[in-house]
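Undergrad: To be precise about what I am sending: the file is called data_19.cif and holds mmCIF, C-alpha atoms.
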data_protein
loop_
_atom_site.label_atom_id
_atom_site.label_comp_id
_atom_site.auth_asym_id
_atom_site.auth_seq_id
_atom_site.Cartn_x
_atom_site.Cartn_y
_atom_site.Cartn_z
CA MET A 15 32.64 -264.74 -16.47
CA GLU A 16 35.20 -263.79 -19.08
CA GLU A 17 33.45 -260.55 -19.51
CA SER A 18 33.58 -259.85 -15.83
CA SER A 19 37.26 -260.86 -15.56
CA GLU A 20 38.02 -258.38 -18.33
CA MET A 21 36.06 -255.74 -16.45
CA VAL A 22 38.29 -255.93 -13.40
CA PRO A 23 41.36 -254.45 -15.03
CA ASP A 24 39.13 -251.80 -16.57
CA ALA A 25 37.76 -250.91 -13.15
CA ASP A 26 41.29 -250.86 -11.77
CA ARG A 27 42.38 -248.53 -14.54
CA ARG A 28 39.43 -246.29 -13.81
CA ASN A 29 40.26 -246.36 -10.08
CA SER A 30 43.85 -245.56 -10.77
CA ARG A 31 42.84 -242.68 -13.04
CA ALA A 32 40.46 -241.47 -10.29
CA MET A 33 43.31 -241.66 -7.77
CA ASP A 34 45.54 -239.58 -10.05
CA LEU A 35 42.77 -237.05 -10.44
CA LYS A 36 42.28 -236.97 -6.67
CA LYS A 37 46.00 -236.38 -6.11
CA LEU A 38 45.98 -233.62 -8.69
CA LEU A 39 42.97 -232.04 -7.02
CA HIS A 40 44.64 -232.19 -3.60
CA ALA A 41 47.78 -230.64 -5.03
CA ALA A 42 45.75 -227.90 -6.66
CA LEU A 43 43.86 -227.23 -3.43
CA ALA A 44 47.10 -227.10 -1.45
CA LEU A 45 48.56 -224.69 -3.99
CA SER A 46 45.48 -222.47 -3.91
CA ALA A 47 45.78 -222.21 -0.12
CA ILE A 48 49.39 -221.07 -0.39
CA LEU A 49 49.17 -218.80 -3.38
CA PRO A 50 46.22 -216.47 -2.92
CA PHE A 51 48.27 -213.47 -1.79
CA ALA A 52 50.80 -214.00 -4.57
CA THR A 53 48.52 -214.73 -7.48
CA GLY A 54 45.04 -213.47 -6.71
CA GLN A 55 42.21 -215.79 -5.85
CA SER A 56 39.44 -217.20 -7.94
CA SER A 57 35.91 -216.39 -6.89
CA LYS A 58 35.30 -220.12 -6.36
CA ASN A 59 37.70 -220.00 -3.43
CA PRO A 60 37.29 -216.52 -1.98
CA PRO A 61 39.33 -215.32 1.00
CA ASP A 62 37.62 -215.55 4.38
CA LEU A 63 36.96 -212.09 5.79
CA THR A 64 35.31 -213.48 8.94
CA GLY A 65 36.66 -211.75 12.01
CA VAL A 66 36.77 -208.53 13.99
CA TRP A 67 38.35 -205.57 12.21
CA SER A 68 39.56 -202.43 13.95
CA PRO A 69 40.38 -199.09 12.30
CA LEU A 70 44.02 -199.33 11.25
CA ARG A 71 46.42 -196.59 12.29
CA ALA A 72 48.91 -196.51 9.47
CA THR A 73 52.02 -196.11 11.60
CA GLY A 74 55.08 -198.29 12.21
CA GLU A 75 54.77 -201.73 10.62
CA TYR A 76 51.33 -200.74 9.27
CA ALA A 77 52.51 -197.56 7.51
CA LYS A 78 52.69 -199.41 4.19
CA PHE A 79 48.98 -200.18 4.45
CA ALA A 80 47.91 -196.53 4.59
CA PRO A 81 44.82 -196.11 2.41
CA PRO A 82 45.08 -193.82 -0.63
CA ALA A 83 43.88 -190.25 -0.10
CA ALA A 84 40.16 -189.69 -0.51
CA GLY A 85 38.96 -188.17 -3.77
CA PRO A 86 37.32 -184.75 -3.85
CA LEU A 87 33.70 -184.38 -2.81
CA VAL A 88 32.10 -182.36 -5.62
CA LEU A 89 28.45 -181.49 -5.14
CA LYS A 90 26.22 -179.98 -7.81
CA PRO A 91 26.07 -176.19 -7.42
CA GLU A 92 22.54 -176.15 -5.98
CA TYR A 93 23.66 -178.51 -3.17
CA SER A 94 27.17 -177.20 -2.72
CA LYS A 95 26.30 -173.77 -1.28
CA PRO A 96 23.87 -174.94 1.43
CA TYR A 97 26.30 -177.77 2.31
CA GLU A 98 29.27 -175.43 2.71
CA ALA A 99 27.12 -172.99 4.74
CA ARG A 100 26.00 -175.77 7.07
CA ARG A 101 29.58 -177.02 7.53
CA ALA A 102 30.76 -173.49 8.37
CA MET A 103 27.90 -173.08 10.86
CA GLU A 104 28.75 -176.41 12.51
CA ALA A 105 32.42 -175.47 12.81
CA GLU A 106 31.54 -172.07 14.28
CA ALA A 107 29.10 -173.56 16.80
CA SER A 108 31.63 -176.21 17.77
CA LYS A 109 34.28 -173.53 18.33
CA ARG A 110 31.88 -171.74 20.69
CA GLY A 111 31.44 -174.98 22.65
CA GLU A 112 27.84 -175.28 21.53
CA PRO A 113 27.93 -178.18 19.03
CA LEU A 114 24.88 -178.46 16.76
CA ALA A 115 22.65 -181.50 16.95
CA THR A 116 23.64 -184.54 14.95
CA GLY A 117 21.90 -187.89 14.59
CA GLY A 118 24.71 -189.54 16.53
CA ALA A 119 24.29 -187.24 19.52
CA GLN A 120 20.67 -188.40 19.65
CA CYS A 121 21.61 -192.09 19.38
CA ILE A 122 20.29 -192.39 15.83
CA PRO A 123 22.29 -195.08 13.95
CA TYR A 124 24.76 -194.00 11.27
CA GLY A 125 23.75 -196.36 8.47
CA VAL A 126 25.64 -197.07 5.23
CA PRO A 127 28.38 -196.16 4.59
CA THR A 128 29.23 -194.12 7.74
CA MET A 129 28.83 -197.08 10.15
CA MET A 130 31.95 -198.67 8.64
CA ARG A 131 34.07 -196.10 10.55
CA ILE A 132 32.81 -194.74 13.86
CA ALA A 133 35.70 -193.36 15.97
CA SER A 134 37.87 -196.33 16.98
CA TYR A 135 35.09 -198.94 17.16
CA PRO A 136 35.64 -202.24 15.33
CA VAL A 137 33.33 -203.98 12.87
CA GLU A 138 32.78 -207.72 12.77
CA ILE A 139 32.40 -209.60 9.48
CA LEU A 140 30.66 -212.99 9.43
CA GLN A 141 31.12 -214.63 6.05
CA MET A 142 28.84 -217.41 4.85
CA PRO A 143 28.50 -218.52 1.21
CA LYS A 144 25.05 -216.98 0.72
CA GLN A 145 25.27 -214.01 3.10
CA ILE A 146 27.95 -211.80 4.56
CA THR A 147 26.92 -209.99 7.71
CA ILE A 148 28.70 -206.89 8.97
CA ILE A 149 28.14 -205.73 12.56
CA GLY A 150 29.38 -202.34 13.71
CA GLU A 151 30.17 -202.33 17.43
CA ALA A 152 29.09 -198.69 17.88
CA PHE A 153 25.30 -198.69 18.11
CA SER A 154 25.25 -202.45 17.22
CA GLU A 155 24.51 -201.67 13.58
CA VAL A 156 23.92 -204.66 11.27
CA ARG A 157 24.25 -204.96 7.49
CA ARG A 158 23.43 -208.02 5.43
CA VAL A 159 25.06 -208.58 2.07
CA PHE A 160 23.20 -211.12 -0.08
CA MET A 161 25.64 -213.16 -2.15
CA ASP A 162 23.18 -215.33 -4.04
CA LYS A 163 20.58 -212.80 -5.16
CA PRO A 164 20.67 -210.09 -7.80
CA GLN A 165 20.30 -206.45 -6.78
CA ALA A 166 16.80 -205.00 -6.90
CA PRO A 167 15.89 -201.89 -8.90
CA VAL A 168 16.46 -198.79 -6.77
CA ASP A 169 12.76 -197.88 -6.89
CA ASP A 170 11.83 -201.25 -5.34
CA VAL A 171 13.88 -200.86 -2.16
CA ALA A 172 12.23 -199.23 0.85
CA PRO A 173 14.62 -196.45 1.92
CA GLY A 174 16.30 -197.19 5.24
CA TYR A 175 19.58 -197.00 7.16
CA TYR A 176 21.26 -200.03 5.56
CA GLY A 177 19.32 -200.28 2.30
CA ARG A 178 19.77 -203.46 0.33
CA SER A 179 23.21 -204.90 -0.35
CA ALA A 180 24.04 -207.45 -3.03
CA GLY A 181 27.56 -208.82 -3.20
CA HIS A 182 29.79 -210.87 -5.46
CA TRP A 183 33.43 -211.84 -5.67
CA ASP A 184 35.60 -210.21 -8.29
CA GLY A 185 38.62 -212.48 -7.97
CA ASP A 186 39.87 -211.91 -4.43
CA THR A 187 37.81 -208.74 -3.92
CA LEU A 188 34.38 -208.65 -2.34
CA VAL A 189 32.23 -206.17 -4.24
CA VAL A 190 29.18 -204.89 -2.35
CA ASP A 191 26.51 -202.84 -4.06
CA THR A 192 24.16 -200.94 -1.73
CA ILE A 193 21.05 -198.94 -2.64
CA GLY A 194 18.03 -197.72 -0.69
CA ILE A 195 19.61 -195.38 1.86
CA LYS A 196 17.10 -192.76 2.91
CA PRO A 197 18.11 -189.14 2.47
CA SER A 198 17.83 -188.35 6.21
CA VAL A 199 20.65 -190.82 6.97
CA ASN A 200 23.91 -189.01 7.66
CA GLY A 201 25.99 -188.88 4.46
CA TYR A 202 29.75 -189.08 3.93
CA LEU A 203 31.29 -185.94 5.53
CA GLY A 204 27.74 -184.80 6.21
CA MET A 205 26.96 -184.59 2.46
CA PRO A 206 23.32 -184.54 1.41
CA HIS A 207 22.16 -187.43 -0.75
CA SER A 208 19.08 -188.56 -2.63
CA GLU A 209 17.24 -191.88 -2.73
CA LYS A 210 19.21 -192.60 -5.89
CA MET A 211 22.51 -192.83 -4.00
CA ARG A 212 24.49 -195.97 -4.80
CA VAL A 213 27.38 -197.15 -2.62
CA THR A 214 29.88 -199.58 -4.14
CA GLU A 215 32.46 -201.11 -1.84
CA ARG A 216 35.48 -203.18 -2.77
CA LEU A 217 36.82 -205.11 0.22
CA LYS A 218 40.22 -206.68 -0.24
CA LEU A 219 42.79 -208.28 2.05
CA LEU A 220 46.18 -206.62 1.61
CA ALA A 221 47.71 -209.08 4.04
CA PRO A 222 46.10 -211.82 6.15
CA ASP A 223 45.37 -209.27 8.90
CA VAL A 224 44.88 -206.07 6.88
CA LEU A 225 41.68 -205.16 5.03
CA HIS A 226 40.85 -202.21 2.83
CA ASP A 227 37.28 -201.12 2.08
CA GLN A 228 37.26 -198.81 -0.94
CA ILE A 229 33.95 -196.94 -0.90
CA THR A 230 32.56 -195.16 -3.94
CA ILE A 231 29.44 -193.05 -3.65
CA GLU A 232 27.42 -192.16 -6.72
CA ASP A 233 24.40 -189.89 -6.63
CA PRO A 234 23.10 -188.56 -9.95
CA VAL A 235 20.95 -185.98 -8.14
CA VAL A 236 23.46 -184.51 -5.65
CA LEU A 237 26.97 -185.32 -6.84
CA GLU A 238 28.74 -183.81 -9.82
CA LYS A 239 30.92 -186.94 -9.95
CA PRO A 240 31.36 -190.05 -7.79
CA VAL A 241 33.48 -189.71 -4.67
CA THR A 242 35.82 -192.48 -3.50
CA TYR A 243 37.53 -192.98 -0.16
CA THR A 244 39.19 -195.99 1.44
CA LEU A 245 39.06 -197.29 4.99
CA ALA A 246 41.85 -199.49 6.34
CA PHE A 247 41.30 -202.14 9.03
CA ARG A 248 43.51 -204.36 11.13
CA ARG A 249 42.35 -207.78 12.36
CA LEU A 250 41.79 -208.17 16.10
CA PRO A 251 42.18 -211.95 16.48
CA ASP A 252 40.99 -212.40 20.08
CA TYR A 253 38.59 -209.51 20.46
CA GLU A 254 35.12 -210.10 21.88
CA MET A 255 32.63 -207.59 20.49
CA VAL A 256 31.02 -205.44 23.20
CA GLU A 257 27.27 -204.79 23.29
CA PHE A 258 26.16 -201.23 22.59
CA VAL A 259 22.62 -200.27 23.53
CA CYS A 260 22.19 -196.53 23.70
CA ASP A 261 19.96 -196.47 26.79
CA ASN A 262 21.71 -193.80 28.87
CA ASN A 263 22.05 -190.83 26.57
CA ARG A 264 22.58 -187.75 28.75
CA GLU A 265 23.02 -185.48 25.75
CA TYR A 266 19.91 -183.69 24.60
CA VAL A 267 19.14 -181.03 22.01
CA ASP A 268 17.82 -177.71 23.26
CA GLU A 269 15.34 -175.42 21.49
CA LYS A 270 18.22 -173.78 19.56
CA GLY A 271 19.39 -177.12 18.18
CA ILE A 272 22.47 -177.19 20.42
CA VAL A 273 23.68 -180.39 22.10
CA ARG A 274 23.64 -180.05 25.91
CA MET A 275 24.61 -182.39 28.72
CA ARG A 276 22.20 -183.40 31.48
CA VAL A 277 23.77 -183.38 34.94
CA LYS A 278 22.03 -185.63 37.47
CA GLY A 279 20.10 -183.89 40.23
CA GLN A 280 19.66 -180.67 38.24
CA MET B 14 52.90 -176.03 30.92
CA LYS B 15 53.73 -179.65 30.31
CA PRO B 16 50.52 -181.27 31.57
CA ARG B 17 48.49 -178.75 29.58
CA LEU B 18 50.46 -179.49 26.41
CA LEU B 19 49.90 -183.22 26.94
CA ASN B 20 46.23 -182.58 27.45
CA VAL B 21 46.02 -180.63 24.20
CA LEU B 22 47.87 -183.41 22.40
CA ALA B 23 45.51 -185.99 23.90
CA LEU B 24 42.57 -183.90 22.72
CA ALA B 25 44.03 -183.64 19.23
CA MET B 26 44.36 -187.43 19.14
CA LEU B 27 40.85 -187.87 20.48
CA LEU B 28 39.44 -185.54 17.85
CA ALA B 29 41.47 -187.24 15.14
CA ILE B 30 39.99 -190.63 15.93
CA SER B 31 36.54 -189.22 16.57
CA ALA B 32 35.83 -188.06 13.03
CA GLN B 33 32.46 -189.68 13.60
CA ALA B 34 31.75 -190.10 17.28
CA HIS B 35 28.65 -189.91 19.40
CA HIS B 36 29.03 -186.16 19.77
CA SER B 37 31.49 -183.33 19.65
CA PHE B 38 33.52 -182.77 22.81
CA THR B 39 33.77 -179.02 22.38
CA MET B 40 31.13 -178.53 25.09
CA PHE B 41 33.95 -179.29 27.54
CA ASP B 42 36.83 -176.89 28.24
CA MET B 43 39.78 -179.02 27.16
CA THR B 44 42.28 -176.29 28.08
CA LYS B 45 41.33 -176.50 31.74
CA GLN B 46 41.81 -179.32 34.23
CA VAL B 47 40.08 -179.41 37.61
CA THR B 48 40.71 -181.96 40.36
CA ILE B 49 37.71 -183.09 42.38
CA VAL B 50 37.81 -185.40 45.39
CA GLY B 51 34.65 -187.01 46.70
CA THR B 52 32.39 -189.97 47.29
CA VAL B 53 31.06 -191.94 44.36
CA THR B 54 27.25 -192.13 44.37
CA GLY B 55 27.03 -194.14 41.17
CA PHE B 56 29.12 -195.69 38.40
CA GLU B 57 27.10 -196.22 35.23
CA TRP B 58 28.68 -198.67 32.77
CA THR B 59 26.39 -197.71 29.90
CA ASN B 60 26.20 -196.50 26.31
CA PRO B 61 26.73 -194.17 24.63
CA HIS B 62 28.85 -193.10 27.64
CA CYS B 63 29.80 -194.25 31.11
CA TYR B 64 29.34 -191.82 33.99
CA ILE B 65 30.81 -191.29 37.42
CA GLU B 66 28.32 -189.65 39.78
CA ILE B 67 30.21 -188.08 42.64
CA ASP B 68 29.45 -185.89 45.67
CA VAL B 69 32.23 -183.39 46.35
CA PRO B 70 32.37 -181.51 49.67
CA ASN B 71 33.63 -177.94 49.63
CA GLU B 72 35.43 -175.96 52.38
CA SER B 73 32.18 -174.79 53.98
CA GLY B 74 30.99 -178.37 54.37
CA ALA B 75 28.33 -178.21 51.68
CA THR B 76 28.27 -180.92 49.02
CA LYS B 77 28.21 -180.34 45.30
CA HIS B 78 27.20 -183.11 42.92
CA PHE B 79 29.05 -183.78 39.66
CA SER B 80 28.16 -185.98 36.67
CA ILE B 81 31.38 -186.89 34.91
CA GLU B 82 31.17 -188.20 31.38
CA MET B 83 33.58 -190.87 30.17
CA GLY B 84 34.09 -192.92 27.01
CA SER B 85 31.90 -195.94 26.28
CA PRO B 86 32.48 -199.41 27.82
CA SER B 87 34.24 -200.55 24.61
CA ILE B 88 36.64 -197.60 24.68
CA LEU B 89 37.21 -197.66 28.45
CA GLN B 90 38.01 -201.37 28.65
CA GLN B 91 40.98 -200.69 26.37
CA GLY B 92 42.27 -198.39 29.13
CA GLY B 93 41.93 -200.96 31.92
CA TRP B 94 38.44 -200.09 33.19
CA LYS B 95 35.82 -202.68 34.17
CA PHE B 96 32.15 -202.32 35.03
CA SER B 97 33.16 -202.98 38.65
CA SER B 98 36.11 -200.55 38.83
CA LEU B 99 34.10 -198.13 40.99
CA LYS B 100 31.08 -198.60 43.23
CA LYS B 101 28.79 -196.48 45.37
CA GLY B 102 30.57 -195.27 48.48
CA ASP B 103 34.09 -195.39 47.00
CA LYS B 104 36.35 -192.40 47.56
CA ALA B 105 37.82 -191.21 44.27
CA THR B 106 39.97 -188.38 42.94
CA LEU B 107 39.09 -187.26 39.44
CA ILE B 108 40.82 -184.90 37.06
CA ILE B 109 38.22 -183.47 34.73
CA ASN B 110 37.74 -180.99 31.92
CA PRO B 111 34.79 -178.91 33.13
CA HIS B 112 31.67 -178.43 31.02
CA LYS B 113 31.59 -174.92 29.59
CA SER B 114 28.01 -174.14 30.64
CA GLU B 115 26.92 -176.90 33.09
CA PRO B 116 28.75 -176.29 36.39
CA GLY B 117 28.22 -179.88 37.62
CA GLY B 118 29.29 -181.47 34.35
CA GLY B 119 32.70 -182.58 33.16
CA PHE B 120 34.64 -184.97 30.97
CA LEU B 121 37.03 -187.35 32.67
CA PHE B 122 40.75 -187.05 32.09
CA SER B 123 41.91 -189.48 34.77
CA ALA B 124 40.66 -191.16 37.93
CA THR B 125 42.48 -192.39 41.02
CA LEU B 126 40.63 -195.47 42.24
CA PRO B 127 40.39 -196.55 45.92
CA ASP B 128 43.16 -199.13 45.32
CA GLY B 129 45.51 -196.38 44.11
CA ARG B 130 45.40 -197.25 40.42
CA ILE B 131 45.19 -194.27 38.07
CA LEU B 132 43.16 -194.86 34.91
CA GLY B 133 42.66 -192.56 31.94
CA ASN B 134 39.59 -192.16 29.77
CA GLY B 135 40.38 -194.65 27.02
CA PRO B 136 43.29 -194.77 24.56
CA GLY B 137 44.94 -191.42 23.92
CA ARG B 138 43.44 -189.71 26.94
CA GLY B 139 45.10 -189.65 30.35
CA PRO B 140 47.39 -192.27 31.88
CA GLN B 141 46.89 -195.82 30.71
CA LYS B 142 46.89 -199.00 32.79
#
Could the structure of this file be written out as structure tokens, please?
TA:
Amino acid sequence: MEESSEMVPDADRRNSRAMDLKKLLHAALALSAILPFATGQSSKNPPDLTGVWSPLRATGEYAKFAPPAAGPLVLKPEYSKPYEARRAMEAEASKRGEPLATGGAQCIPYGVPTMMRIASYPVEILQMPKQITIIGEAFSEVRRVFMDKPQAPVDDVAPGYYGRSAGHWDGDTLVVDTIGIKPSVNGYLGMPHSEKMRVTERLKLLAPDVLHDQITIEDPVVLEKPVTYTLAFRRLPDYEMVEFVCDNNREYVDEKGIVRMRVKGQ
Amino acid sequence: MKPRLLNVLALAMLLAISAQAHHSFTMFDMTKQVTIVGTVTGFEWTNPHCYIEIDVPNESGATKHFSIEMGSPSILQQGGWKFSSLKKGDKATLIINPHKSEPGGGFLFSATLPDGRILGNGPGRGPQK
């Protein structure tokens, strides 16, 4: 009995120590909720990017969130000439009012990274601990970023529109590594790319309702050096994403590769 | 001069935000506006574009059919449109940019609905709600 009576104060002391620890933990948690924008956030408590994000027009109160200018797109000489020639041909055809066929005009999805910015359409981010899902409203494109798995070797990923994305938190920045984009998928500014292309994105909140996605494209086959550009987004708190099924495409490509419009009854 | 300047500005805005869009709009003559008045034969709230199908009578009494392209539902709803804004049989007045090579084709600039409301073709194009 004596033993047990001596144990009570011990237990009390332990409880009291546990209470102190609990209080400390609560205080730390409260502080971490207040401080992330001031101090940067640890990867154990990453910011929540869940929500609908619309292309940000950097005017008025948002001017300060203008993304930095895009870096130069420098292709290796053997790719540069055909690329420039194609761009000039597209511009010329467009000027004539006879735009050349693009994947988009034929309702082919844009894939990574282009789908992150299609005209003024928003993207929706759904953040879970093991997977972050990004849905582009235009063409209902879906990307999955695996947060708990390592990236695969590039030769092991079947080339597709979205490839394979592995993500991790670098402090308060979500880093997404994407490989496995097939060469026929529309590249940044229409650039050609190989199956070795690697897209690295750094997504960071600049304010609770402002997000930047810094996109770096590396391609040892096509690019002389990596190219980086940044997209800015503004949160749309109450927006309901609209479905987008491309089932009434009246544009078609004629035998000359020009986009035409079908008028009903003709 | 003023409406044309506004139209050009609207086009510039449209092109600026359409760096990657479904397709280029250069198939339409953005320097020219044509007003058509007729009876709606269909309103298609679809992707990648919505369409107004409209029969337009001419002076000799014959009817010419037009297919007028619009933005997508997502873009149009930002300008006050709904899937039910027009229905078959409605009388409507449309201001369009005509297609350069398809005589019955055009791109909507603005529409006067049966209830008198005038709607544009999404943000940056035509009058807004």
Undergrad: Near chain A, which residues of chain B fall within 12 Å when you count all atoms listed in the file, and what do they look like as a PyMOL selection string?
TA: chain B and resi 26-43+54-55+57-68+77-91+111-120+135-137
Undergrad: Rounded to one decimal place, report the atom CA of Val241 of chain A-atom CA of Gly85 of chain A distance in Å.
TA: 5.8 Å
Undergrad: So what do you get for atom CA of Glu155 of chain A versus atom CA of Gly125 of chain A, distance-wise?
TA: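 So the answer is 7.4 Å.
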Undergrad: Applied to the shown file, which residues does the PyMOL selection byres ((chain B and resi 99) around 8) return, written as an NGL selection string?
TA: :B and (53 or 56 or 96-98 or 100-101 or 103 or 126)
Undergrad: Within 10 Å of Ile139 of chain A, counting all atoms listed in the file, which residues qualify if same-chain residues fewer than 3 places away don't, as a list in words?
TA: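 These residues fall inside the cut-off: Asp62, Leu63, Thr64, Gly65, Val66, Trp67, Pro136, Met142, Ile146, Thr147, Ile148, Ile149, Gly150, Val156, Arg157 and Arg158 of chain A.
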Undergrad: I'd like the interatomic distance between atom CA of Asp184 of chain A and atom CA of Val235 of chain A, to a tenth of an Å.
TA: 28.3 Å
Undergrad: Quick one: residues within 12 Å of Lys239 of chain A, all atoms listed in the file, excluding same-chain residues fewer than 5 positions away - as a ChimeraX atom specification?
TA: /A:85-90,211,230-234
